[in-house]
Amino acid sequence: MGDFRREPKELTFLLDEDVKALRPLFPRKRVKTLAQMRLKPETPDADIVRKAWNRGFTIVTANADHFRKAITDFQERGRTGECLCLFGLVILPTGEEVQRRLLPSLKGVERQLRFRGRAIKWKDVRKKNYEVRMLRSGAPRVAQLPPPCKLPGGH
């Protein structure tokens, strides 16, 4: 997979295979599926992470552990002086019915996003590489993914 960075002007979500049925819940111009990115359903998570990094996409998945490992591996392999920061990770529980209940609208979820007591928006998730875990009950939990930026002074 060739590496080039072409970040979209707006936040764009990349839906993993296990959440692709949620596509109608996202704004049409701000969501991509693996199929739209010409990736097969069995594409390794590491390749999906690289594609998301290349395009500036926020990954949405129900496969948290595998994606966290793929993200960590990707960031650790980078060269000094190269920014390998990603653009956020949204984790949903398994099961389409549960996912639809937890993500009725992006705006509704955005009103619940908090990091260290402060309200944040989806653009903050993308810009600061936050992980948003949608819980079966209660507000989403937001955490910072490891800051791997290898640029002097960060990005």
# chains A, B, ... in the order shown; residues from 1 in each chain; ligands from 1
$ residues_around --residues "segment 21-27 of chain A" --least-positions-apart "6" --cutoff "9 Å" --atoms "only C-alpha atoms" --output "PyMOL selection string"
chain A and resi 13+15+33+96+99-100+103-106
$ select_by_dssp --residues "chain A" --states "strand (DSSP E or B)" --output "ChimeraX atom specification"
/A:13-15,31-33,58-61,89-91,114-115,118-119,130-133,141-144
$ write_last_selection --atoms "C-alpha atoms" --output "PDB file, in the first residue's frame"
ATOM      1  CA  PHE A  13     -14.856   8.493   9.582  1.00  0.00           C
ATOM      2  CA  LEU A  14     -13.550   5.161   8.255  1.00  0.00           C
ATOM      3  CA  LEU A  15     -15.925   2.353   9.234  1.00  0.00           C
ATOM      4  CA  VAL A  31     -17.924   8.564   6.049  1.00  0.00           C
ATOM      5  CA  LYS A  32     -16.092   5.845   4.147  1.00  0.00           C
ATOM      6  CA  THR A  33     -16.307   2.079   4.342  1.00  0.00           C
ATOM      7  CA  THR A  58     -10.940   8.648  12.217  1.00  0.00           C
ATOM      8  CA  ILE A  59     -11.373   4.872  12.593  1.00  0.00           C
ATOM      9  CA  VAL A  60     -14.685   3.495  13.883  1.00  0.00           C
ATOM     10  CA  THR A  61     -14.650  -0.146  15.011  1.00  0.00           C
ATOM     11  CA  LEU A  89     -10.430   5.992  17.269  1.00  0.00           C
ATOM     12  CA  VAL A  90     -14.120   5.395  18.014  1.00  0.00           C
ATOM     13  CA  ILE A  91     -14.893   2.073  19.688  1.00  0.00           C
ATOM     14  CA  ARG A 114     -15.752  15.193  27.756  1.00  0.00           C
ATOM     15  CA  PHE A 115     -12.009  14.997  28.264  1.00  0.00           C
ATOM     16  CA  ARG A 118     -14.013  19.785  29.468  1.00  0.00           C
ATOM     17  CA  ALA A 119     -16.471  19.479  26.606  1.00  0.00           C
ATOM     18  CA  TYR A 130      -8.488  10.781  21.199  1.00  0.00           C
ATOM     19  CA  GLU A 131     -10.078   7.391  21.715  1.00  0.00           C
ATOM     20  CA  VAL A 132     -13.839   7.522  22.234  1.00  0.00           C
ATOM     21  CA  ARG A 133     -15.302   4.374  23.753  1.00  0.00           C
ATOM     22  CA  ARG A 141     -15.414   7.565  27.759  1.00  0.00           C
ATOM     23  CA  VAL A 142     -12.686   9.665  26.133  1.00  0.00           C
ATOM     24  CA  ALA A 143      -8.984   8.897  26.541  1.00  0.00           C
ATOM     25  CA  GLN A 144      -5.876  10.109  24.785  1.00  0.00           C
TER      26      GLN A 144
END
$ closest_residue --among "A:Gly78, A:Asp16, A:Arg28, A:Asp65" --to "Pro41 of chain A" --atoms "only C-alpha atoms"
A:Asp16
$ atom_distance --atom1 "atom CA of Met37 of chain A" --atom2 "atom CA of Arg136 of chain A"
29.4 Å
$ residues_around --residues "Lys128 of chain A" --least-positions-apart "6" --cutoff "9 Å" --atoms "only C-alpha atoms" --output "PyMOL selection string"
chain A and resi 85-88+144-145+147
$ write_last_selection --atoms "all heavy atoms" --output "PDB file, in the first residue's frame"
ATOM      1  N   CYS A  85       1.102  10.508  14.165  1.00  0.00           N
ATOM      2  CA  CYS A  85      -0.117  10.681  14.942  1.00  0.00           C
ATOM      3  C   CYS A  85      -1.306  10.315  14.063  1.00  0.00           C
ATOM      4  O   CYS A  85      -1.356  10.678  12.888  1.00  0.00           O
ATOM      5  CB  CYS A  85      -0.254  12.123  15.415  1.00  0.00           C
ATOM      6  SG  CYS A  85       1.056  12.612  16.546  1.00  0.00           S
ATOM      7  N   LEU A  86      -2.248   9.616  14.660  1.00  0.00           N
ATOM      8  CA  LEU A  86      -3.447   9.276  13.933  1.00  0.00           C
ATOM      9  C   LEU A  86      -4.523  10.322  14.193  1.00  0.00           C
ATOM     10  O   LEU A  86      -4.222  11.390  14.708  1.00  0.00           O
ATOM     11  CB  LEU A  86      -3.907   7.862  14.292  1.00  0.00           C
ATOM     12  CG  LEU A  86      -3.223   6.820  13.386  1.00  0.00           C
ATOM     13  CD1 LEU A  86      -1.894   6.415  13.934  1.00  0.00           C
ATOM     14  CD2 LEU A  86      -4.113   5.653  13.148  1.00  0.00           C
ATOM     15  N   PHE A  87      -5.742  10.005  13.843  1.00  0.00           N
ATOM     16  CA  PHE A  87      -6.813  10.993  13.852  1.00  0.00           C
ATOM     17  C   PHE A  87      -8.015  10.527  14.656  1.00  0.00           C
ATOM     18  O   PHE A  87      -9.138  10.864  14.349  1.00  0.00           O
ATOM     19  CB  PHE A  87      -7.194  11.328  12.410  1.00  0.00           C
ATOM     20  CG  PHE A  87      -6.026  11.848  11.634  1.00  0.00           C
ATOM     21  CD1 PHE A  87      -5.242  10.989  10.878  1.00  0.00           C
ATOM     22  CD2 PHE A  87      -5.673  13.183  11.712  1.00  0.00           C
ATOM     23  CE1 PHE A  87      -4.141  11.470  10.189  1.00  0.00           C
ATOM     24  CE2 PHE A  87      -4.569  13.660  11.024  1.00  0.00           C
ATOM     25  CZ  PHE A  87      -3.801  12.803  10.262  1.00  0.00           C
ATOM     26  N   GLY A  88      -7.754   9.757  15.692  1.00  0.00           N
ATOM     27  CA  GLY A  88      -8.803   9.318  16.584  1.00  0.00           C
ATOM     28  C   GLY A  88      -9.294   7.920  16.293  1.00  0.00           C
ATOM     29  O   GLY A  88      -9.108   7.370  15.208  1.00  0.00           O
ATOM     30  N   GLN A 144      -6.861   9.710  25.788  1.00  0.00           N
ATOM     31  CA  GLN A 144      -5.876  10.109  24.785  1.00  0.00           C
ATOM     32  C   GLN A 144      -5.090   8.885  24.355  1.00  0.00           C
ATOM     33  O   GLN A 144      -4.615   8.117  25.193  1.00  0.00           O
ATOM     34  CB  GLN A 144      -4.938  11.156  25.373  1.00  0.00           C
ATOM     35  CG  GLN A 144      -4.119  11.851  24.333  1.00  0.00           C
ATOM     36  CD  GLN A 144      -3.466  13.103  24.900  1.00  0.00           C
ATOM     37  OE1 GLN A 144      -3.291  13.245  26.098  1.00  0.00           O
ATOM     38  NE2 GLN A 144      -3.109  14.010  24.031  1.00  0.00           N
ATOM     39  N   LEU A 145      -5.019   8.677  23.050  1.00  0.00           N
ATOM     40  CA  LEU A 145      -4.153   7.616  22.544  1.00  0.00           C
ATOM     41  C   LEU A 145      -2.708   8.057  22.774  1.00  0.00           C
ATOM     42  O   LEU A 145      -2.436   9.263  22.864  1.00  0.00           O
ATOM     43  CB  LEU A 145      -4.429   7.372  21.052  1.00  0.00           C
ATOM     44  CG  LEU A 145      -5.766   6.694  20.759  1.00  0.00           C
ATOM     45  CD1 LEU A 145      -6.071   6.747  19.269  1.00  0.00           C
ATOM     46  CD2 LEU A 145      -5.759   5.252  21.229  1.00  0.00           C
ATOM     47  N   PRO A 147       0.657   9.685  22.717  1.00  0.00           N
ATOM     48  CA  PRO A 147       1.162  10.723  21.830  1.00  0.00           C
ATOM     49  C   PRO A 147       2.505  10.320  21.228  1.00  0.00           C
ATOM     50  O   PRO A 147       3.537  10.481  21.860  1.00  0.00           O
ATOM     51  CB  PRO A 147       1.295  11.953  22.746  1.00  0.00           C
ATOM     52  CG  PRO A 147       1.466  11.354  24.109  1.00  0.00           C
ATOM     53  CD  PRO A 147       0.782  10.035  24.116  1.00  0.00           C
TER      54      PRO A 147
END
$ atom_distance --atom1 "atom CA of Arg101 of chain A" --atom2 "atom CA of Gly138 of chain A"
12.1 Å
$ atom_distance --atom1 "atom CA of Lys107 of chain A" --atom2 "atom CA of Ile71 of chain A"
26.4 Å
$ residues_around --residues "Ala46 of chain A" --least-positions-apart "5" --cutoff "9 Å" --atoms "only C-alpha atoms" --output "ChimeraX atom specification"
/A:51,66-67,69-71,73-74
$ select_by_dssp --residues "chain A" --states "helix (DSSP H, G or I)" --output "PyMOL selection string"
chain A and resi 17-25+28-30+45-55+64-76+96-102+106-110+122-128
$ closest_residue --among "A:Arg68, A:Arg77, A:Glu82, A:Lys40" --to "Pro146 of chain A" --atoms "only C-alpha atoms"
A:Arg68
